[in-house]
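Worksheet: the structure to be examined is printed underneath.
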Amino acid sequence: MDYSFSPLGDQAIVIEVGTAINEYTQKEILAISSFLEANSPQWMTEYIPAFTTISVVYNPLLINFDDVKKELAALLKGASEITPSLPRTVEIPVCYGGDYGPDLEFVAQHNGLNTEEVIAIHTGTSYTVHMIGFAPGFPYLGGMSEKIAAPRRQSPRVSIPERSVGIAGNQTGVYPISTPGGWQLIGRTPTRLFLPEKEIPSLLRAGDNIVFRRITAEEYQTLEEKENADHT
């Protein structure tokens, strides 16, 4: 496959894999990510997969843009034969509605459903992490049913509680940290997604499969206490 390369600042290069967000493009990105993980050039600092691109950060004291482009073009000639790592499946427990999901009723009404139907659809799908971004550990997920799609809030919230699960357009995601945002909040998870004390600070990574599991408020409290105890 032919890739296009473009500079990103003075120490990164962007590999464009495709122009459409689809399963084929994602497989190519995961394959290249696996290849770079297993065959890291000495000059590479890190790589950042996204929806249709991979950014490769390099040490400008060791190599320049033109040479990075040449080396990557040579390295990726066999990209079609690269086998990506097997995806992980991560289960995320969620307490839906009430104080944890104040916009669940809106999402239901917007789609002509009741809240139980929204929850059933949201938990009945396996999602794929396309990329991590916006906030530390925030997963951009693919695979949500259009039956529960909903527009962003007209007035974003100044502060959204960390670990809130939301919907915006035809996407769903989890806020790892407290931050302003305009997504419709349908629930919250006791699971921490941003782990700054870890060498890899994000629980999730591109390529993971995500399954949401419904829990009660009592289960939420129990799991949150255990989560907090495990990280103190």
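Within each chain, counting starts at residue 1; across the structure tokens, chains are named A, B, ... in the order shown, with ligands numbered 1 upward in that order.
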Using only C-alpha atoms, which residues sit within 8 Å of range 98-102 of chain A once same-chain residues fewer than 4 positions away are excluded, as a ChimeraX atom specification? /A:164-165,185-188
Using 12 Å as the limit and counting only C-alpha atoms, can you tabulate each residue of range 204-229 of chain A that touches range 18-28 of chain A, with its shortest atom-to-atom distance in Å and the two atoms involved, as CSV?
residue,atom,partner,partner_atom,distance
A:Ala206,CA,A:Gln26,CA,9.2
A:Gly207,CA,A:Gln26,CA,8.1
A:Asp208,CA,A:Gln26,CA,11.5
Excluding range 143-159 of chain A and residues on its chain fewer than 2 positions from it, collect all residues at most 12 Å away from it, counting only C-alpha atoms, and give them as a PyMOL selection string. chain A and resi 21-23+102-130+140-141+161-162+164+166-173+175+177-186+209-212
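Nearest to Phe194 in chain A of all the residues A:Ala73, A:Val56, A:Ala135, A:Ala12 is A:Ala135, based on only C-alpha atoms.
For range 34-90 of chain A, backbone-based DSSP labels the following residues as strand (DSSP E): Met44, Thr45, Glu46, Tyr47, Ile48, Pro49, Thr53, Ile54, Ser55, Val56, Val57, Tyr58, Thr89 and Val90 of chain A.
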For the residues in the current selection, export all heavy atoms as a compact mmCIF listing (two decimals), in the first residue's frame.
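Writing done, so here's again39.txt:
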# COMPACT_ATOMS: atom_id res chain seq x y z
N MET A 44 13.47 6.87 16.81
CA MET A 44 12.05 7.07 17.10
C MET A 44 11.83 7.27 18.60
O MET A 44 12.29 6.47 19.41
CB MET A 44 11.22 5.89 16.60
CG MET A 44 9.72 6.12 16.75
SD MET A 44 8.71 4.74 16.15
CE MET A 44 8.92 3.57 17.51
N THR A 45 11.10 8.32 18.94
CA THR A 45 10.76 8.58 20.34
C THR A 45 9.45 7.91 20.72
O THR A 45 9.34 7.27 21.77
CB THR A 45 10.64 10.09 20.59
OG1 THR A 45 11.86 10.73 20.22
CG2 THR A 45 10.34 10.39 22.06
N GLU A 46 8.46 8.04 19.88
CA GLU A 46 7.15 7.40 20.09
C GLU A 46 6.36 7.46 18.81
O GLU A 46 6.71 8.17 17.86
CB GLU A 46 6.37 8.07 21.22
CG GLU A 46 6.00 9.53 20.94
CD GLU A 46 5.14 10.13 22.05
OE1 GLU A 46 4.30 9.41 22.61
OE2 GLU A 46 5.32 11.33 22.33
N TYR A 47 5.25 6.69 18.78
CA TYR A 47 4.32 6.77 17.65
C TYR A 47 2.91 6.95 18.22
O TYR A 47 2.60 6.47 19.32
CB TYR A 47 4.40 5.51 16.77
CG TYR A 47 4.01 4.22 17.47
CD1 TYR A 47 2.69 3.78 17.47
CD2 TYR A 47 4.97 3.45 18.12
CE1 TYR A 47 2.33 2.61 18.12
CE2 TYR A 47 4.61 2.28 18.77
CZ TYR A 47 3.29 1.87 18.75
OH TYR A 47 2.93 0.71 19.41
N ILE A 48 2.07 7.65 17.47
CA ILE A 48 0.75 8.01 17.96
C ILE A 48 -0.29 7.65 16.89
O ILE A 48 -0.46 8.36 15.91
CB ILE A 48 0.66 9.52 18.27
CG1 ILE A 48 1.80 9.94 19.21
CG2 ILE A 48 -0.70 9.87 18.88
CD1 ILE A 48 1.99 11.43 19.31
N PRO A 49 -0.99 6.52 17.06
CA PRO A 49 -2.02 6.16 16.09
C PRO A 49 -3.27 7.02 16.24
O PRO A 49 -3.64 7.41 17.35
CB PRO A 49 -2.31 4.69 16.44
CG PRO A 49 -1.95 4.56 17.88
CD PRO A 49 -0.81 5.52 18.11
N THR A 53 -4.31 8.16 10.49
CA THR A 53 -2.89 8.48 10.44
C THR A 53 -2.13 7.89 11.62
O THR A 53 -2.72 7.52 12.62
CB THR A 53 -2.66 10.01 10.44
OG1 THR A 53 -3.16 10.54 11.68
CG2 THR A 53 -3.37 10.68 9.28
N ILE A 54 -0.81 7.86 11.46
CA ILE A 54 0.09 7.56 12.57
C ILE A 54 1.17 8.63 12.57
O ILE A 54 1.81 8.87 11.54
CB ILE A 54 0.75 6.18 12.43
CG1 ILE A 54 -0.30 5.08 12.39
CG2 ILE A 54 1.72 5.92 13.59
CD1 ILE A 54 0.29 3.70 12.15
N SER A 55 1.34 9.27 13.71
CA SER A 55 2.41 10.26 13.83
C SER A 55 3.61 9.60 14.49
O SER A 55 3.47 8.93 15.52
CB SER A 55 1.95 11.46 14.68
OG SER A 55 0.89 12.13 14.04
N VAL A 56 4.77 9.76 13.90
CA VAL A 56 6.00 9.19 14.44
C VAL A 56 6.89 10.34 14.90
O VAL A 56 7.27 11.21 14.11
CB VAL A 56 6.74 8.34 13.38
CG1 VAL A 56 8.05 7.81 13.95
CG2 VAL A 56 5.85 7.19 12.91
N VAL A 57 7.18 10.35 16.18
CA VAL A 57 8.03 11.39 16.76
C VAL A 57 9.47 10.89 16.75
O VAL A 57 9.75 9.76 17.14
CB VAL A 57 7.59 11.73 18.20
CG1 VAL A 57 8.43 12.87 18.76
CG2 VAL A 57 6.10 12.10 18.23
N TYR A 58 10.41 11.74 16.32
CA TYR A 58 11.80 11.32 16.21
C TYR A 58 12.71 12.34 16.89
O TYR A 58 12.34 13.48 17.17
CB TYR A 58 12.21 11.14 14.75
CG TYR A 58 12.04 12.36 13.88
CD1 TYR A 58 13.05 13.33 13.77
CD2 TYR A 58 10.88 12.55 13.15
CE1 TYR A 58 12.89 14.44 12.97
CE2 TYR A 58 10.71 13.68 12.34
CZ TYR A 58 11.72 14.62 12.25
OH TYR A 58 11.57 15.73 11.46
N THR A 89 -9.69 -7.39 25.04
CA THR A 89 -11.07 -7.06 25.34
C THR A 89 -11.13 -6.54 26.77
O THR A 89 -10.70 -7.23 27.70
CB THR A 89 -12.01 -8.27 25.19
OG1 THR A 89 -12.02 -8.69 23.81
CG2 THR A 89 -13.43 -7.92 25.60
N VAL A 90 -11.60 -5.32 26.94
CA VAL A 90 -11.66 -4.68 28.25
C VAL A 90 -13.12 -4.41 28.61
O VAL A 90 -13.84 -3.77 27.84
CB VAL A 90 -10.87 -3.35 28.26
CG1 VAL A 90 -10.92 -2.72 29.65
CG2 VAL A 90 -9.43 -3.58 27.83
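Across the structure, CA of Arg88 in chain A and CA of Ile32 in chain A are spaced 17.2 Å apart.
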Expressed in Å to a single decimal, how great is the separation between CA of Cys95 in chain A and CA of Phe51 in chain A? 28.6 Å
Applying 6 Å and only C-alpha atoms, which residues near Gly137 in chain A remain after dropping the ones on its own chain fewer than 2 positions away? List them as an MDAnalysis selection string. chainID A and resid 132 176 193:194 202
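We find CA of Pro139 in chain A and CA of Val17 in chain A to be spaced 20.0 Å apart.
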